[in-house]
Amino acid sequence: MDSLYDLATGDEDARVCKDIPAASCKDQPRNFFAYLGANLLTKVADELCSAKLILPWLLGALGAPAVLIGLLVPIREAGVLLPQLAVAAYVRRMPLRAPVWIWGALLSAVTLALMALAAGTLDGAAAGWSIVALLVVFSLSRGLCSVSAKDVLGKTVSKARRGNLMGLSAGIAGAVTLALGLLLQFLGNAAQGVAVFVLLLGAAGLLFALSALVFRQIREQPGATEGGGNALDTALASIGLLRTDAAFRRFVLVRVALLSVALAPPFYVLLLQQGSDGALAGLGLLIIASGLASSLSAPVWGRLSDRSSRLVMVLAAAGSGGLGVLTWAMARWDGALLSSPAVFAVLFLLLNVAHAGVRLGRKVYLVDMATSDTRAAMVAVSNTVIGIAMLLGGLVGILADLYDAAFVILVLGLGSLVAAAYAARLKQVSG
């Protein structure tokens, strides 16, 4: 295993250790590959049950109310974020954190199996509500994994190896995701029923179960159990920052407005699904477009953020807003264009490029704006406000039931343009 570890890390000495317990040095090659394998499996599983792509298409195929489709991304994101803020302190009081991750993965597996069962046996509103309820449980389970993963990584893999590990994981997972998109594109019109989604959800559950077995191979040394402050308590205690710090208050308002970009993808998926009569070739192209968007745009957004993270937020939000208006206009005046999966894949790729820019820009902006003394409090307050705002924003799906998906895309596009205009008024903190 040492020679394979040398190949993966480019290190001639598998025993080099930085910032991990001395007792973990001899287990580092084993831990590296166990963490890599588990992380890879969960990344692929997350794509198989994506709240931006797979679940919106599934709910549309099942005839669920559109308001539920609007709740998918908020529940998936806020369901991980808010409980994580509350339980982080309790997890850090445990000398071993790997069992928390394993329980989270196993709960995720069970939840996805039940979700597959619901998809295969129910339809309409009953199916939609069942899947959304199970998504809540799934998100809470993923929160357990998220809150423990970084602690385990920090205790078992050397400081100079973590970026390489995450990069390998993301790269391989991206290749697998693209292969999935190509497979669905190849199947094309031959696969239109919900059976495909039952298989996808079942496969995702199996991957989470396997990831728990792989993660169990990690040999973790007991760690410190003190100093784990409750991030939610920190947020509540620091909420006064919104009143006393005008720059931070403006940033939080901009971040709330930028939710218009994050909430949009499921409605693009719904619009294409309705226009293509449910043919999975369209979904395959969207998966490919989503995978390409991140890999192509992230390096560009990253370099630009170092110069001006404010400009990145402005450009990304404006791009998303313009795209929303364009998509609505195409749906109203030339709906035949949107029945083409290829055209829609280009729109979806551009949307995900914009979304990647928003995510990266606002993260860099907050880090650059805050000081070492205020950063933890600002992150906690910002995440708490956004978690609540995202759940409320998910109700925009009601408009899709009253009107249609194109109208929701227009509303979110206009919201993104407002966010861009307001972000342009933020002070410059990068560069």
# chains A, B, ... in the order shown; residues from 1 in each chain; ligands from 1
call {"tool": "closest_atom_pairs", "arguments": {"of": "range 266-346 of chain A", "to": "range 239-259 of chain A", "cutoff": "12 Å", "atoms": "only C-alpha atoms", "output": "Markdown table"}}
result
| residue | atom | partner | partner_atom | distance |
| --- | --- | --- | --- | --- |
| A:Ser309 | CA | A:Phe251 | CA | 11.8 |
| A:Arg310 | CA | A:Phe251 | CA | 9.9 |
| A:Met313 | CA | A:Leu258 | CA | 8.5 |
| A:Val314 | CA | A:Leu258 | CA | 9.8 |
| A:Leu315 | CA | A:Leu258 | CA | 11.8 |
| A:Ala316 | CA | A:Leu258 | CA | 9.6 |
| A:Ala317 | CA | A:Leu258 | CA | 6.9 |
| A:Ala318 | CA | A:Leu258 | CA | 10.2 |
| A:Gly319 | CA | A:Leu258 | CA | 11.9 |
| A:Ser320 | CA | A:Leu258 | CA | 9.8 |
| A:Gly321 | CA | A:Leu258 | CA | 10.2 |
call {"tool": "closest_atom_pairs", "arguments": {"of": "range 233-267 of chain A", "to": "range 343-353 of chain A", "cutoff": "10 Å", "atoms": "only C-alpha atoms", "output": "JSON lines"}}
result
{"residue": "A:Val261", "atom": "CA", "partner": "A:Leu351", "partner_atom": "CA", "distance": 8.1}
{"residue": "A:Ala262", "atom": "CA", "partner": "A:Asn352", "partner_atom": "CA", "distance": 9.2}
{"residue": "A:Ala264", "atom": "CA", "partner": "A:Leu351", "partner_atom": "CA", "distance": 8.4}
{"residue": "A:Pro265", "atom": "CA", "partner": "A:Leu351", "partner_atom": "CA", "distance": 7.5}
call {"tool": "atom_distance", "arguments": {"atom1": "CA of Arg216 in chain A", "atom2": "CA of Ile102 in chain A"}}
result
7.1 Å
call {"tool": "atom_distance", "arguments": {"atom1": "CA of Gly104 in chain A", "atom2": "CA of Leu140 in chain A"}}
result
8.2 Å
call {"tool": "atom_distance", "arguments": {"atom1": "CA of Glu220 in chain A", "atom2": "CA of Ser141 in chain A"}}
result
21.1 Å
call {"tool": "residues_around", "arguments": {"residues": "Ala209 in chain A", "least_positions_apart": "4", "cutoff": "8 Å", "atoms": "only C-alpha atoms", "output": "list in words"}}
result
Ala105, Leu106, Ala109, Gly205 and Leu213 of chain A
call {"tool": "residues_around", "arguments": {"residues": "range 38-51 of chain A", "least_positions_apart": "6", "cutoff": "10 Å", "atoms": "only C-alpha atoms", "output": "ChimeraX atom specification"}}
result
/A:57-58,69-77,102,105,108-109,112,115,135,142,145,149,165-166,168-177,180,197,199-218,265-266,287,291
call {"tool": "write_last_selection", "arguments": {"atoms": "C-alpha atoms", "output": "CSV table (one decimal), in the first residue's frame"}}
result
chain,number,residue,atom,x,y,z
A,57,TRP,CA,-37.1,15.3,-12.7
A,58,LEU,CA,-38.4,12.5,-10.6
A,69,ILE,CA,-39.9,20.9,-6.3
A,70,GLY,CA,-39.1,24.4,-5.1
A,71,LEU,CA,-38.4,23.0,-1.6
A,72,LEU,CA,-35.9,20.4,-2.7
A,73,VAL,CA,-32.8,22.5,-2.8
A,74,PRO,CA,-33.6,24.5,0.3
A,75,ILE,CA,-34.3,21.4,2.3
A,76,ARG,CA,-31.1,19.7,1.0
A,77,GLU,CA,-29.0,22.7,1.9
A,102,ILE,CA,-20.5,6.1,9.8
A,105,ALA,CA,-23.8,7.4,6.0
A,108,SER,CA,-28.5,8.1,4.5
A,109,ALA,CA,-28.5,4.7,2.9
A,112,LEU,CA,-32.5,6.6,0.1
A,115,MET,CA,-37.1,7.1,-1.1
A,135,LEU,CA,-35.2,14.3,2.0
A,142,ARG,CA,-25.6,14.2,5.6
A,145,CYS,CA,-21.2,13.3,8.0
A,149,ALA,CA,-15.6,14.6,8.2
A,165,LEU,CA,-6.9,13.7,-1.5
A,166,MET,CA,-9.9,15.9,-2.1
A,168,LEU,CA,-8.5,13.1,-6.5
A,169,SER,CA,-11.9,12.4,-5.0
A,170,ALA,CA,-13.6,15.2,-6.9
A,171,GLY,CA,-11.8,14.4,-10.2
A,172,ILE,CA,-12.8,10.7,-10.1
A,173,ALA,CA,-16.3,11.5,-9.0
A,174,GLY,CA,-16.7,14.0,-11.8
A,175,ALA,CA,-15.6,11.4,-14.3
A,176,VAL,CA,-18.2,8.9,-13.0
A,177,THR,CA,-20.9,11.6,-13.1
A,180,LEU,CA,-23.8,8.6,-15.9
A,197,PHE,CA,-35.0,6.7,-10.8
A,199,LEU,CA,-32.5,2.2,-9.6
A,200,LEU,CA,-30.6,5.5,-9.2
A,201,LEU,CA,-31.9,6.1,-5.7
A,202,GLY,CA,-31.3,2.5,-4.8
A,203,ALA,CA,-27.7,2.6,-6.2
A,204,ALA,CA,-27.1,5.8,-4.2
A,205,GLY,CA,-28.2,4.1,-1.0
A,206,LEU,CA,-26.0,1.1,-1.7
A,207,LEU,CA,-23.0,3.5,-2.3
A,208,PHE,CA,-23.6,5.1,1.1
A,209,ALA,CA,-23.7,1.7,2.8
A,210,LEU,CA,-20.4,0.8,1.1
A,211,SER,CA,-18.9,4.1,2.1
A,212,ALA,CA,-19.7,3.4,5.7
A,213,LEU,CA,-17.8,0.0,5.4
A,214,VAL,CA,-14.9,1.8,3.8
A,215,PHE,CA,-14.8,4.6,6.3
A,216,ARG,CA,-14.8,2.0,9.1
A,217,GLN,CA,-11.3,1.0,8.0
A,218,ILE,CA,-9.9,4.4,9.2
A,265,PRO,CA,-31.9,25.0,-11.2
A,266,PRO,CA,-34.8,22.7,-10.3
A,287,ILE,CA,-25.9,16.0,-15.9
A,291,GLY,CA,-20.4,18.4,-14.4
call {"tool": "residues_around", "arguments": {"residues": "Met369 in chain A", "least_positions_apart": "2", "cutoff": "10 Å", "atoms": "only C-alpha atoms", "output": "PyMOL selection string"}}
result
chain A and resi 247-248+251+364-367+371+374-375+378+427-430
call {"tool": "residues_around", "arguments": {"residues": "range 269-278 of chain A", "least_positions_apart": "6", "cutoff": "7 Å", "atoms": "only C-alpha atoms", "output": "PyMOL selection string"}}
result
chain A and resi 53+56-57+60-61+192+338-339+344+405-406
call {"tool": "closest_residue", "arguments": {"among": "A:Leu182, A:Val358, A:Leu326, A:Ala98", "to": "Thr156 in chain A", "atoms": "only C-alpha atoms"}}
result
A:Ala98
call {"tool": "select_by_dssp", "arguments": {"residues": "range 86-332 of chain A", "states": "helix (DSSP H, G or I)", "output": "PyMOL selection string"}}
result
chain A and resi 86-92+98-121+124-156+162-190+195-215+231-237+241-244+246-257+259-262+265-275+280-332
